[in-house]
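Text of upload11.csv, listed as CSV, C-alpha atoms:
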```
chain,number,residue,atom,x,y,z
A,240,MET,CA,8.7,-3.1,10.9
A,241,PRO,CA,11.6,-1.5,12.8
A,242,GLU,CA,12.9,1.8,11.6
A,243,ARG,CA,14.8,1.6,8.3
A,244,ASN,CA,13.7,-1.9,7.7
A,245,VAL,CA,13.2,-3.1,4.1
A,246,VAL,CA,10.8,-5.9,3.4
A,247,ASN,CA,10.5,-7.6,0.0
A,248,LEU,CA,6.8,-8.5,-0.3
A,249,PRO,CA,7.0,-11.5,-2.6
A,250,GLU,CA,9.8,-12.9,-0.5
A,251,ALA,CA,7.9,-12.4,2.7
A,252,LEU,CA,4.8,-13.9,1.2
A,253,SER,CA,6.7,-17.0,0.0
A,254,GLN,CA,7.6,-17.7,3.7
A,255,ILE,CA,3.9,-17.8,4.8
A,256,ASN,CA,2.6,-21.3,5.3
A,257,GLU,CA,-0.9,-20.7,6.5
A,258,GLN,CA,-3.6,-19.3,4.2
A,259,TRP,CA,-6.0,-16.6,5.5
A,260,SER,CA,-3.6,-15.7,8.3
A,261,PRO,CA,-2.5,-12.0,7.7
A,262,LYS,CA,1.0,-11.0,8.8
A,263,ILE,CA,1.7,-7.4,9.7
A,264,LEU,CA,4.7,-6.0,7.8
A,265,ALA,CA,4.7,-2.3,8.6
A,266,LYS,CA,2.9,0.4,10.4
A,267,VAL,CA,2.4,3.7,8.5
A,268,ASN,CA,0.7,6.3,10.7
A,269,ASP,CA,-2.5,4.6,12.1
A,270,GLN,CA,-2.6,1.9,9.4
A,271,TYR,CA,-1.1,-1.5,9.2
A,272,VAL,CA,0.3,-3.0,6.0
A,273,LYS,CA,-0.4,-6.7,6.0
A,274,ILE,CA,0.2,-9.6,3.6
A,275,ALA,CA,-1.7,-12.8,3.3
A,276,LYS,CA,-2.1,-15.9,1.1
A,277,ILE,CA,-5.7,-16.7,0.4
A,278,GLU,CA,-7.5,-19.5,-1.4
A,279,ASN,CA,-11.1,-20.6,-1.7
A,280,GLU,CA,-13.8,-18.6,0.1
A,281,PHE,CA,-13.4,-16.5,3.2
A,282,VAL,CA,-16.4,-15.3,5.0
A,283,TRP,CA,-19.0,-12.6,4.4
A,284,HIS,CA,-18.3,-9.7,6.6
A,285,LYS,CA,-18.0,-5.9,6.9
A,286,HIS,CA,-15.9,-3.4,8.8
A,287,ASP,CA,-18.3,-0.7,10.1
A,288,ASN,CA,-15.7,2.1,10.4
A,289,GLU,CA,-12.8,1.1,8.3
A,290,ASP,CA,-12.0,1.1,4.6
A,291,GLU,CA,-9.7,-1.9,3.5
A,292,LEU,CA,-7.3,-1.7,0.6
A,293,PHE,CA,-6.5,-4.8,-1.4
A,294,TYR,CA,-3.4,-5.0,-3.7
A,295,ILE,CA,-2.8,-8.2,-5.7
A,296,ILE,CA,0.8,-9.3,-5.6
A,297,LYS,CA,0.3,-12.6,-7.3
A,298,GLY,CA,-2.7,-14.5,-8.7
A,299,SER,CA,-6.3,-13.2,-8.8
A,300,LEU,CA,-9.3,-13.0,-6.6
A,301,GLN,CA,-13.0,-12.2,-6.9
A,302,MET,CA,-14.4,-9.6,-4.5
A,303,GLN,CA,-18.0,-10.6,-4.0
A,304,TYR,CA,-20.4,-7.9,-3.1
A,305,GLU,CA,-24.1,-8.4,-2.5
A,306,ASP,CA,-25.0,-7.0,-5.9
A,307,GLU,CA,-21.9,-7.7,-8.0
A,308,THR,CA,-18.6,-9.5,-8.2
A,309,ILE,CA,-15.3,-7.7,-9.1
A,310,VAL,CA,-12.3,-9.5,-10.4
A,311,LEU,CA,-8.8,-8.4,-9.2
A,312,ASN,CA,-5.7,-9.5,-11.0
A,313,GLU,CA,-2.0,-9.0,-10.4
A,314,GLY,CA,-1.1,-5.4,-10.0
A,315,ASP,CA,-4.7,-4.4,-9.3
A,316,MET,CA,-5.7,-2.2,-6.3
A,317,HIS,CA,-9.2,-1.9,-4.9
A,318,VAL,CA,-10.7,-0.3,-1.8
A,319,VAL,CA,-13.6,-2.0,0.0
A,320,PRO,CA,-15.5,0.9,1.6
A,321,LYS,CA,-16.4,0.8,5.2
A,322,GLY,CA,-19.7,-0.7,6.1
A,323,VAL,CA,-20.1,-2.8,2.9
A,324,MET,CA,-20.6,-6.5,3.1
A,325,HIS,CA,-17.9,-8.4,1.0
A,326,ASN,CA,-16.4,-11.8,0.6
A,327,PRO,CA,-13.0,-12.4,-1.1
A,328,VAL,CA,-12.9,-15.6,-3.1
A,329,ALA,CA,-9.7,-17.0,-4.8
A,330,LYS,CA,-10.1,-20.0,-7.0
A,331,GLN,CA,-6.3,-20.6,-6.8
A,332,GLU,CA,-3.9,-19.3,-4.2
A,333,CYS,CA,-3.6,-15.5,-4.3
A,334,TRP,CA,-1.0,-13.3,-2.6
A,335,ILE,CA,-2.3,-10.0,-1.4
A,336,MET,CA,-1.2,-6.8,0.4
A,337,LEU,CA,-3.8,-5.1,2.7
A,338,VAL,CA,-3.8,-1.6,4.2
A,339,GLU,CA,-6.2,-1.1,7.0
A,340,PRO,CA,-6.4,0.8,10.3
A,341,VAL,CA,-4.6,-0.7,13.3
A,342,ALA,CA,-8.0,-1.3,14.8
A,343,THR,CA,-9.4,-3.4,12.0
A,344,ALA,CA,-10.4,-7.0,12.8
A,345,HIS,CA,-9.8,-8.9,9.5
A,346,THR,CA,-13.0,-10.8,9.8
A,347,GLY,CA,-15.0,-7.7,10.6
A,348,ASP,CA,-17.8,-8.1,13.1
A,349,ILE,CA,-17.8,-11.9,12.5
A,350,VAL,CA,-15.6,-14.2,14.6
A,351,THR,CA,-14.8,-17.6,12.9
A,352,ASP,CA,-12.1,-20.2,13.2
A,353,ARG,CA,-10.3,-18.1,10.6
A,354,THR,CA,-10.2,-15.1,12.9
A,355,ARG,CA,-6.6,-14.3,13.9
A,356,SER,CA,-5.7,-12.0,16.8
A,357,LEU,CA,-3.3,-9.0,16.3
A,358,GLU,CA,-0.7,-11.0,18.3
A,359,GLU,CA,-0.9,-13.8,15.8
A,360,GLN,CA,-0.7,-11.3,12.9
A,361,LEU,CA,2.4,-9.7,14.4
A,362,SER,CA,4.2,-13.1,14.9
B,1242,MET,CA,-11.0,6.3,-6.6
B,1243,PRO,CA,-14.8,6.0,-6.8
B,1244,GLU,CA,-16.4,3.1,-5.0
B,1245,ARG,CA,-15.7,-0.4,-6.6
B,1246,ASN,CA,-13.1,1.0,-8.9
B,1247,VAL,CA,-10.1,-1.2,-9.8
B,1248,VAL,CA,-6.8,0.4,-10.7
B,1249,ASN,CA,-3.9,-1.5,-12.2
B,1250,LEU,CA,-0.8,0.2,-10.8
B,1251,PRO,CA,1.7,-0.7,-13.6
B,1252,GLU,CA,-0.9,0.4,-16.2
B,1253,ALA,CA,-1.6,3.7,-14.3
B,1254,LEU,CA,2.1,4.4,-14.0
B,1255,SER,CA,2.7,3.8,-17.7
B,1256,GLN,CA,0.3,6.7,-18.4
B,1257,ILE,CA,2.2,9.2,-16.3
B,1258,ASN,CA,4.4,11.5,-18.3
B,1259,GLU,CA,5.8,13.9,-15.7
B,1260,GLN,CA,8.4,12.6,-13.2
B,1261,TRP,CA,8.2,13.6,-9.5
B,1262,SER,CA,4.5,14.4,-9.9
B,1263,PRO,CA,2.5,12.1,-7.6
B,1264,LYS,CA,-1.0,11.0,-8.7
B,1265,ILE,CA,-3.6,10.1,-6.1
B,1266,LEU,CA,-5.2,6.7,-7.0
B,1267,ALA,CA,-7.2,5.8,-3.9
B,1268,LYS,CA,-8.2,7.0,-0.4
B,1269,VAL,CA,-8.2,4.4,2.3
B,1270,ASN,CA,-9.4,5.9,5.6
B,1271,ASP,CA,-7.3,9.0,6.2
B,1272,GLN,CA,-4.5,8.0,3.9
B,1273,TYR,CA,-3.9,8.5,0.2
B,1274,VAL,CA,-2.4,5.9,-2.1
B,1275,LYS,CA,-0.3,7.7,-4.7
B,1276,ILE,CA,1.9,6.6,-7.6
B,1277,ALA,CA,4.9,8.4,-9.1
B,1278,LYS,CA,7.7,8.1,-11.6
B,1279,ILE,CA,11.0,9.4,-10.2
B,1280,GLU,CA,14.4,9.8,-11.6
B,1281,ASN,CA,17.6,11.6,-10.4
B,1282,GLU,CA,17.6,13.4,-7.1
B,1283,PHE,CA,14.5,14.9,-5.4
B,1284,VAL,CA,15.1,17.3,-2.5
B,1285,TRP,CA,16.0,16.8,1.2
B,1286,HIS,CA,12.9,17.1,3.3
B,1287,LYS,CA,11.0,15.7,6.2
B,1288,HIS,CA,7.4,15.3,7.3
B,1289,ASP,CA,7.1,16.4,10.9
B,1290,ASN,CA,3.9,14.4,11.7
B,1291,GLU,CA,3.5,11.8,9.0
B,1292,ASP,CA,5.1,8.5,8.2
B,1293,GLU,CA,5.5,7.8,4.4
B,1294,LEU,CA,5.4,4.3,2.9
B,1295,PHE,CA,7.4,3.5,-0.3
B,1296,TYR,CA,6.7,0.4,-2.3
B,1297,ILE,CA,8.7,-0.2,-5.5
B,1298,ILE,CA,6.7,-1.2,-8.5
B,1299,LYS,CA,9.6,-1.1,-11.0
B,1300,GLY,CA,13.2,-0.2,-10.9
B,1301,SER,CA,15.2,0.8,-7.8
B,1302,LEU,CA,15.9,3.8,-5.7
B,1303,GLN,CA,18.3,4.9,-3.0
B,1304,MET,CA,16.7,6.4,0.2
B,1305,GLN,CA,19.3,8.7,1.5
B,1306,TYR,CA,19.3,9.5,5.2
B,1307,GLU,CA,21.7,11.8,6.9
B,1308,ASP,CA,23.6,8.8,8.4
B,1309,GLU,CA,23.1,6.1,5.8
B,1310,THR,CA,21.7,5.2,2.4
B,1311,ILE,CA,19.2,2.3,1.9
B,1312,VAL,CA,18.7,0.6,-1.4
B,1313,LEU,CA,15.1,-0.3,-2.4
B,1314,ASN,CA,14.5,-2.7,-5.3
B,1315,GLU,CA,11.3,-4.0,-7.0
B,1316,GLY,CA,8.9,-5.5,-4.5
B,1317,ASP,CA,10.5,-3.8,-1.6
B,1318,MET,CA,8.6,-1.8,1.0
B,1319,HIS,CA,10.0,0.8,3.4
B,1320,VAL,CA,8.6,3.3,5.8
B,1321,VAL,CA,10.2,6.7,6.2
B,1322,PRO,CA,9.4,7.7,9.8
B,1323,LYS,CA,7.9,11.1,10.6
B,1324,GLY,CA,10.3,13.8,11.4
B,1325,VAL,CA,13.3,12.2,9.7
B,1326,MET,CA,15.2,14.0,6.9
B,1327,HIS,CA,15.4,11.9,3.7
B,1328,ASN,CA,16.1,12.3,0.0
B,1329,PRO,CA,15.0,9.7,-2.6
B,1330,VAL,CA,17.4,9.3,-5.5
B,1331,ALA,CA,16.9,7.1,-8.5
B,1332,LYS,CA,19.7,6.6,-11.0
B,1333,GLN,CA,17.2,5.4,-13.6
B,1334,GLU,CA,13.5,5.9,-13.7
B,1335,CYS,CA,11.7,4.2,-10.8
B,1336,TRP,CA,8.0,3.5,-10.4
B,1337,ILE,CA,6.7,3.8,-6.9
B,1338,MET,CA,3.6,3.5,-4.8
B,1339,LEU,CA,3.2,5.8,-1.7
B,1340,VAL,CA,0.9,5.6,1.3
B,1341,GLU,CA,0.7,8.8,3.3
B,1342,PRO,CA,-1.9,10.8,5.2
B,1343,VAL,CA,-4.2,13.0,3.2
B,1344,ALA,CA,-2.5,16.0,4.9
B,1345,THR,CA,1.0,15.2,3.7
B,1346,ALA,CA,2.8,17.6,1.4
B,1347,HIS,CA,5.1,15.5,-0.7
B,1348,THR,CA,8.0,17.8,-0.4
B,1349,GLY,CA,7.5,18.1,3.3
B,1350,ASP,CA,8.2,21.5,4.8
B,1351,ILE,CA,10.2,22.5,1.7
B,1352,VAL,CA,8.5,24.2,-1.3
B,1353,THR,CA,10.4,23.9,-4.6
B,1354,ASP,CA,9.5,23.9,-8.3
B,1355,ARG,CA,8.8,20.2,-7.8
B,1356,THR,CA,6.1,20.8,-5.2
B,1357,ARG,CA,2.7,19.7,-6.6
B,1358,SER,CA,-0.6,20.8,-5.0
B,1359,LEU,CA,-3.3,18.2,-4.0
B,1360,GLU,CA,-5.3,19.5,-7.0
B,1361,GLU,CA,-2.5,18.6,-9.3
B,1362,GLN,CA,-2.1,15.2,-7.7
B,1363,LEU,CA,-5.8,14.5,-8.1
B,1364,SER,CA,-5.8,15.4,-11.8
```
As structure tokens, what does this structure read like?
Amino acid sequence: MPERNVVNLPEALSQINEQWSPKILAKVNDQYVKIAKIENEFVWHKHDNEDELFYIIKGSLQMQYEDETIVLNEGDMHVVPKGVMHNPVAKQECWIMLVEPVATAHTGDIVTDRTRSLEEQLS
Amino acid sequence: MPERNVVNLPEALSQINEQWSPKILAKVNDQYVKIAKIENEFVWHKHDNEDELFYIIKGSLQMQYEDETIVLNEGDMHVVPKGVMHNPVAKQECWIMLVEPVATAHTGDIVTDRTRSLEEQLS
């Protein structure tokens, strides 16, 4: 996001066509703010060194952990702690904002056909 | 925010009584996520080493810079870059989310009767 830019998150999300393909909207210090549309199951993964913040703009998702599942609804915020296996699942399309370090790979230490490079996320 | 906590931002904001008194909701890596209710003028200040992200949950605010004023409405996100003088002004009460480093003093290098300690922000 160039200096003094204003981005409307619901508007920016409405322009995303591809699910599970995060787009970087802003950099604040050493963190990226990203948005994504997600639906169905992602992939079990973890980020060894990075916490990952989820904020629900629209819809709801289940954050699956190995020992429990947490439901996140619109307006809810939740931090997935570093090093913890998790799998976001959305029964219907869900619009999310993420805050995570610039270094974070969104599929963690897993590479799948859903893995998007930083170049793709910045496009 | 303890591990696996879920916080609903509008609900948490509705429970804040004091304006201009940020509350820390979550820590993601080296950043705090805060919420605040603001109304009228704050104070001109800057943060020498920290960017500060504003996200508007409800209402609108004007971000005054020395050379221009930017209007932020509900759903809008904006990053105030480090080292830049700014002054948020809300004509009516505005509910905001902030992301900024743990080290950031919310009134920057200015101390006023509006300055709140980290202990107050964590309460």
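Nearest residue to Val1320 (chain B) among A:His284, A:Arg243, A:Lys273, A:His345 is A:Arg243, counting all atoms listed in the file.
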*Could you check how far CA of Thr308 (chain A) sits from CA of Asp352 (chain A), in Å to one decimal?*
24.8 Å
Rows by chain and residue number, chain B within 6 Å of chain A, shortest pair, all atoms listed in the file, as a tab-separated table:
```
residue	atom	partner	partner_atom	distance
B:Val1247	CA	A:His317	CA	5.0
B:Val1248	CA	A:Met316	CA	5.2
B:Asn1249	CA	A:Asp315	CA	4.2
B:Leu1250	CA	A:Gly314	CA	5.7
B:Val1269	CA	A:Asp290	CA	5.5
B:Asn1270	CA	A:Asp290	CA	5.5
B:Asp1292	CA	A:Val267	CA	5.5
B:Gly1316	CA	A:Asn247	CA	5.2
B:Asp1317	CA	A:Asn247	CA	4.1
B:Met1318	CA	A:Val246	CA	5.2
B:His1319	CA	A:Val245	CA	5.1
```
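Reported to one decimal place, the separation of CA of Ser260 (chain A) from CA of His286 (chain A) is 17.4 Å.
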*How far is it from CA of Met1338 (chain B) to CA of Gln1362 (chain B), in Å with one decimal?*
13.3 Å
Lay chain B over chain A using all C-alpha atoms, matched one to one in order, with a least-squares fit; then write it out as a compact mmCIF listing (two decimals) with C-alpha atoms, keeping the file's coordinate frame.
```
# COMPACT_ATOMS: atom_id res chain seq x y z
CA MET B 1242 8.69 -3.07 10.94
CA PRO B 1243 11.55 -1.46 12.89
CA GLU B 1244 12.87 1.83 11.62
CA ARG B 1245 14.84 1.61 8.25
CA ASN B 1246 13.77 -1.93 7.68
CA VAL B 1247 13.18 -3.09 4.08
CA VAL B 1248 10.73 -5.88 3.39
CA ASN B 1249 10.43 -7.61 0.04
CA LEU B 1250 6.74 -8.49 -0.27
CA PRO B 1251 7.03 -11.48 -2.68
CA GLU B 1252 9.85 -12.90 -0.50
CA ALA B 1253 7.80 -12.36 2.74
CA LEU B 1254 4.77 -13.99 1.18
CA SER B 1255 6.76 -17.01 0.04
CA GLN B 1256 7.56 -17.68 3.72
CA ILE B 1257 3.95 -17.79 4.82
CA ASN B 1258 2.59 -21.27 5.24
CA GLU B 1259 -0.92 -20.72 6.59
CA GLN B 1260 -3.60 -19.30 4.24
CA TRP B 1261 -6.04 -16.61 5.47
CA SER B 1262 -3.60 -15.65 8.23
CA PRO B 1263 -2.56 -12.01 7.72
CA LYS B 1264 0.97 -10.95 8.77
CA ILE B 1265 1.64 -7.36 9.77
CA LEU B 1266 4.75 -6.06 7.87
CA ALA B 1267 4.72 -2.33 8.56
CA LYS B 1268 2.86 0.47 10.40
CA VAL B 1269 2.42 3.68 8.52
CA ASN B 1270 0.68 6.29 10.71
CA ASP B 1271 -2.46 4.64 12.05
CA GLN B 1272 -2.62 1.96 9.42
CA TYR B 1273 -1.11 -1.50 9.17
CA VAL B 1274 0.32 -2.99 6.00
CA LYS B 1275 -0.40 -6.71 6.03
CA ILE B 1276 0.24 -9.58 3.62
CA ALA B 1277 -1.74 -12.81 3.21
CA LYS B 1278 -2.09 -15.93 1.13
CA ILE B 1279 -5.74 -16.74 0.38
CA GLU B 1280 -7.45 -19.50 -1.38
CA ASN B 1281 -11.13 -20.63 -1.68
CA GLU B 1282 -13.82 -18.66 0.05
CA PHE B 1283 -13.32 -16.53 3.21
CA VAL B 1284 -16.46 -15.39 5.05
CA TRP B 1285 -19.01 -12.58 4.43
CA HIS B 1286 -18.22 -9.65 6.65
CA LYS B 1287 -17.98 -5.93 6.86
CA HIS B 1288 -15.97 -3.32 8.71
CA ASP B 1289 -18.32 -0.70 10.08
CA ASN B 1290 -15.71 2.12 10.38
CA GLU B 1291 -12.74 1.13 8.28
CA ASP B 1292 -11.95 1.09 4.62
CA GLU B 1293 -9.72 -1.89 3.50
CA LEU B 1294 -7.26 -1.68 0.60
CA PHE B 1295 -6.43 -4.83 -1.48
CA TYR B 1296 -3.45 -4.93 -3.75
CA ILE B 1297 -2.71 -8.15 -5.66
CA ILE B 1298 0.84 -9.32 -5.56
CA LYS B 1299 0.25 -12.64 -7.37
CA GLY B 1300 -2.68 -14.48 -8.73
CA SER B 1301 -6.29 -13.22 -8.82
CA LEU B 1302 -9.29 -13.01 -6.62
CA GLN B 1303 -12.99 -12.29 -6.90
CA MET B 1304 -14.40 -9.60 -4.49
CA GLN B 1305 -17.94 -10.58 -4.02
CA TYR B 1306 -20.43 -7.89 -3.07
CA GLU B 1307 -24.07 -8.46 -2.46
CA ASP B 1308 -24.95 -6.89 -5.86
CA GLU B 1309 -21.92 -7.71 -7.98
CA THR B 1310 -18.60 -9.51 -8.18
CA ILE B 1311 -15.32 -7.69 -9.12
CA VAL B 1312 -12.33 -9.48 -10.48
CA LEU B 1313 -8.87 -8.37 -9.20
CA ASN B 1314 -5.74 -9.52 -11.04
CA GLU B 1315 -1.98 -8.99 -10.38
CA GLY B 1316 -1.12 -5.34 -9.99
CA ASP B 1317 -4.65 -4.35 -9.30
CA MET B 1318 -5.71 -2.21 -6.36
CA HIS B 1319 -9.20 -1.89 -4.87
CA VAL B 1320 -10.71 -0.33 -1.83
CA VAL B 1321 -13.52 -2.04 0.03
CA PRO B 1322 -15.49 0.84 1.61
CA LYS B 1323 -16.40 0.79 5.30
CA GLY B 1324 -19.69 -0.66 6.16
CA VAL B 1325 -20.08 -2.71 2.98
CA MET B 1326 -20.55 -6.51 3.10
CA HIS B 1327 -17.92 -8.36 1.02
CA ASN B 1328 -16.43 -11.82 0.62
CA PRO B 1329 -13.03 -12.43 -1.06
CA VAL B 1330 -12.83 -15.66 -3.02
CA ALA B 1331 -9.79 -17.01 -4.76
CA LYS B 1332 -10.06 -20.05 -7.00
CA GLN B 1333 -6.31 -20.60 -6.74
CA GLU B 1334 -3.91 -19.28 -4.19
CA CYS B 1335 -3.62 -15.48 -4.28
CA TRP B 1336 -0.99 -13.28 -2.67
CA ILE B 1337 -2.26 -9.99 -1.38
CA MET B 1338 -1.21 -6.83 0.35
CA LEU B 1339 -3.73 -5.05 2.71
CA VAL B 1340 -3.79 -1.54 4.13
CA GLU B 1341 -6.20 -1.10 7.00
CA PRO B 1342 -6.38 0.78 10.29
CA VAL B 1343 -4.59 -0.71 13.24
CA ALA B 1344 -8.05 -1.25 14.83
CA THR B 1345 -9.42 -3.42 12.05
CA ALA B 1346 -10.37 -7.01 12.75
CA HIS B 1347 -9.83 -8.89 9.54
CA THR B 1348 -13.00 -10.81 9.75
CA GLY B 1349 -14.93 -7.71 10.59
CA ASP B 1350 -17.76 -8.14 13.06
CA ILE B 1351 -17.78 -11.91 12.45
CA VAL B 1352 -15.60 -14.27 14.57
CA THR B 1353 -14.87 -17.65 12.95
CA ASP B 1354 -12.10 -20.26 13.16
CA ARG B 1355 -10.30 -18.10 10.61
CA THR B 1356 -10.21 -15.05 12.88
CA ARG B 1357 -6.58 -14.28 13.85
CA SER B 1358 -5.71 -11.99 16.79
CA LEU B 1359 -3.30 -8.98 16.33
CA GLU B 1360 -0.74 -11.06 18.29
CA GLU B 1361 -0.95 -13.78 15.75
CA GLN B 1362 -0.68 -11.32 12.90
CA LEU B 1363 2.41 -9.77 14.44
CA SER B 1364 4.16 -13.12 14.86
```
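Within 12 Å of the point (-2.8, 16.9, -8.7) in file coordinates, and counting only C-alpha atoms, lie the residues Ile1257, Glu1259, Trp1261, Ser1262, Pro1263, Lys1264, Ile1265, Leu1266, Lys1275, Ile1276, Ala1277, Ala1346, His1347, Thr1356, Arg1357, Ser1358, Leu1359, Glu1360, Glu1361, Gln1362, Leu1363 and Ser1364 of chain B.
Each of A:Asp306, A:Lys276, A:Ile349, A:Asp287 was checked against Ala329 (chain A) using all atoms listed in the file; the smallest atom-to-atom distance is that of A:Lys276.
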